[in-house]
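Let me begin by presenting the structure, written as structure tokens, before commenting on it.
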Amino acid sequence: MSLYLIAYDVRSDLRRRRVGAVLERFGSRLQYSVFEAALEPPEVADLRRELGFVLAPDDDLEIIPIDRSTGRRRYRWQREPGDWTGVVVL
């Protein structure tokens, strides 16, 4: 299990509430748009997939590892038209 910090800036009120609802199922809210989540690799994939159905191309979201067990993979939301995966590995 690895610990992640997830932060987002979503422009639409409806999408913002939906992102918050998804993240509440995976972790704990630290601030309004910042969550902490302890996730297994399959849970990270599930989270990315669920967020891909909610986020729009103009939204910002980052999933940042905050422990060493993740291999330091950082995910940033960037979606090209027609791409439903939506997350780029940095």
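Ordering of the structure tokens sets the chain letters (A, B, ...); residue numbers start at 1 within each chain; ligands are numbered from 1 in the order shown.
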Legend entry - Test item: residues at most 8 Å from Tyr4 of chain A, only C-alpha atoms, excluding those fewer than 6 positions along its chain, as a list in words: Glu36, Ala37, Ala38, Leu39, Ile63, Ile64, Pro65, Ile66 and Asp67 of chain A
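Proximity to Asp13 of chain A at 12 Å, evaluated using only C-alpha atoms and with sequence-adjacent residues fewer than 4 positions away removed, yields Asp9, Arg17, Arg18, Val19, Gly20, Val54, Leu55 and Asp59 of chain A.
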Inset, instruction - Could you give me the residues within segment 10-79 of chain A that DSSP places in strand (DSSP E), as a VMD selection string? - result: chain A and resid 28 to 31 34 to 39 60 to 65 75 to 77
File dump, residues just selected, N, CA and C atoms, as a PDB file, in the first residue's frame:
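So the final result, stored in selection_7.pdb, reads:
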ATOM      1  N   SER A  28      -9.215  10.304   2.356  1.00  0.00           N
ATOM      2  CA  SER A  28      -9.716  11.269   3.338  1.00  0.00           C
ATOM      3  C   SER A  28      -9.448  12.686   2.852  1.00  0.00           C
ATOM      4  N   ARG A  29     -10.447  13.542   3.045  1.00  0.00           N
ATOM      5  CA  ARG A  29     -10.306  14.945   2.654  1.00  0.00           C
ATOM      6  C   ARG A  29      -9.436  15.665   3.680  1.00  0.00           C
ATOM      7  N   LEU A  30      -8.397  16.360   3.191  1.00  0.00           N
ATOM      8  CA  LEU A  30      -7.542  17.173   4.049  1.00  0.00           C
ATOM      9  C   LEU A  30      -7.972  18.629   4.002  1.00  0.00           C
ATOM     10  N   GLN A  31      -8.314  19.094   2.807  1.00  0.00           N
ATOM     11  CA  GLN A  31      -8.879  20.410   2.578  1.00  0.00           C
ATOM     12  C   GLN A  31      -9.947  20.238   1.516  1.00  0.00           C
ATOM     13  N   VAL A  34      -8.210  18.819  -1.609  1.00  0.00           N
ATOM     14  CA  VAL A  34      -6.996  18.033  -1.360  1.00  0.00           C
ATOM     15  C   VAL A  34      -7.368  16.800  -0.539  1.00  0.00           C
ATOM     16  N   PHE A  35      -6.933  15.639  -1.022  1.00  0.00           N
ATOM     17  CA  PHE A  35      -7.203  14.367  -0.353  1.00  0.00           C
ATOM     18  C   PHE A  35      -5.904  13.622  -0.111  1.00  0.00           C
ATOM     19  N   GLU A  36      -5.939  12.719   0.856  1.00  0.00           N
ATOM     20  CA  GLU A  36      -4.865  11.782   1.111  1.00  0.00           C
ATOM     21  C   GLU A  36      -5.478  10.388   0.982  1.00  0.00           C
ATOM     22  N   ALA A  37      -4.772   9.488   0.289  1.00  0.00           N
ATOM     23  CA  ALA A  37      -5.310   8.145   0.100  1.00  0.00           C
ATOM     24  C   ALA A  37      -4.197   7.117   0.174  1.00  0.00           C
ATOM     25  N   ALA A  38      -4.433   6.046   0.919  1.00  0.00           N
ATOM     26  CA  ALA A  38      -3.540   4.894   0.972  1.00  0.00           C
ATOM     27  C   ALA A  38      -4.115   3.868   0.004  1.00  0.00           C
ATOM     28  N   LEU A  39      -3.397   3.608  -1.089  1.00  0.00           N
ATOM     29  CA  LEU A  39      -3.945   2.796  -2.171  1.00  0.00           C
ATOM     30  C   LEU A  39      -2.985   1.689  -2.601  1.00  0.00           C
ATOM     31  N   ASP A  60      -7.893  20.405 -13.751  1.00  0.00           N
ATOM     32  CA  ASP A  60      -6.549  20.042 -13.294  1.00  0.00           C
ATOM     33  C   ASP A  60      -6.672  19.080 -12.124  1.00  0.00           C
ATOM     34  N   LEU A  61      -5.875  18.011 -12.143  1.00  0.00           N
ATOM     35  CA  LEU A  61      -5.842  17.064 -11.037  1.00  0.00           C
ATOM     36  C   LEU A  61      -4.477  16.407 -11.019  1.00  0.00           C
ATOM     37  N   GLU A  62      -3.907  16.264  -9.836  1.00  0.00           N
ATOM     38  CA  GLU A  62      -2.611  15.600  -9.676  1.00  0.00           C
ATOM     39  C   GLU A  62      -2.720  14.536  -8.598  1.00  0.00           C
ATOM     40  N   ILE A  63      -2.136  13.382  -8.867  1.00  0.00           N
ATOM     41  CA  ILE A  63      -2.015  12.298  -7.895  1.00  0.00           C
ATOM     42  C   ILE A  63      -0.523  12.158  -7.623  1.00  0.00           C
ATOM     43  N   ILE A  64      -0.115  12.538  -6.416  1.00  0.00           N
ATOM     44  CA  ILE A  64       1.309  12.653  -6.098  1.00  0.00           C
ATOM     45  C   ILE A  64       1.676  11.650  -5.009  1.00  0.00           C
ATOM     46  N   PRO A  65       2.634  10.756  -5.274  1.00  0.00           N
ATOM     47  CA  PRO A  65       3.064   9.815  -4.226  1.00  0.00           C
ATOM     48  C   PRO A  65       3.801  10.558  -3.119  1.00  0.00           C
ATOM     49  N   TYR A  75       0.973  11.212 -11.297  1.00  0.00           N
ATOM     50  CA  TYR A  75      -0.027  11.236 -12.353  1.00  0.00           C
ATOM     51  C   TYR A  75      -0.632  12.626 -12.450  1.00  0.00           C
ATOM     52  N   ARG A  76      -0.695  13.143 -13.663  1.00  0.00           N
ATOM     53  CA  ARG A  76      -1.298  14.453 -13.903  1.00  0.00           C
ATOM     54  C   ARG A  76      -2.415  14.283 -14.918  1.00  0.00           C
ATOM     55  N   TRP A  77      -3.557  14.880 -14.632  1.00  0.00           N
ATOM     56  CA  TRP A  77      -4.684  14.817 -15.542  1.00  0.00           C
ATOM     57  C   TRP A  77      -4.393  15.661 -16.763  1.00  0.00           C
TER      58      TRP A  77
END
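The space separating atom CA of Leu5 of chain A from atom CA of Ala45 of chain A comes to 15.2 Å.
Nearest residue to Phe26 of chain A, choosing from A:Leu47, A:Ser2, A:Val10, A:Pro42 and counting only C-alpha atoms: A:Leu47.
You will find atom CA of Arg15 of chain A at 8.3 Å from atom CA of Ala56 of chain A.
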Inset, instruction - Quick one: everything within 12 Å of Asp46 of chain A, counting only C-alpha atoms, minus sequence neighbours fewer than 2 positions away in the same chain. Send it as a ChimeraX atom specification. - result: /A:22-23,25-26,39-44,48-53,85,87
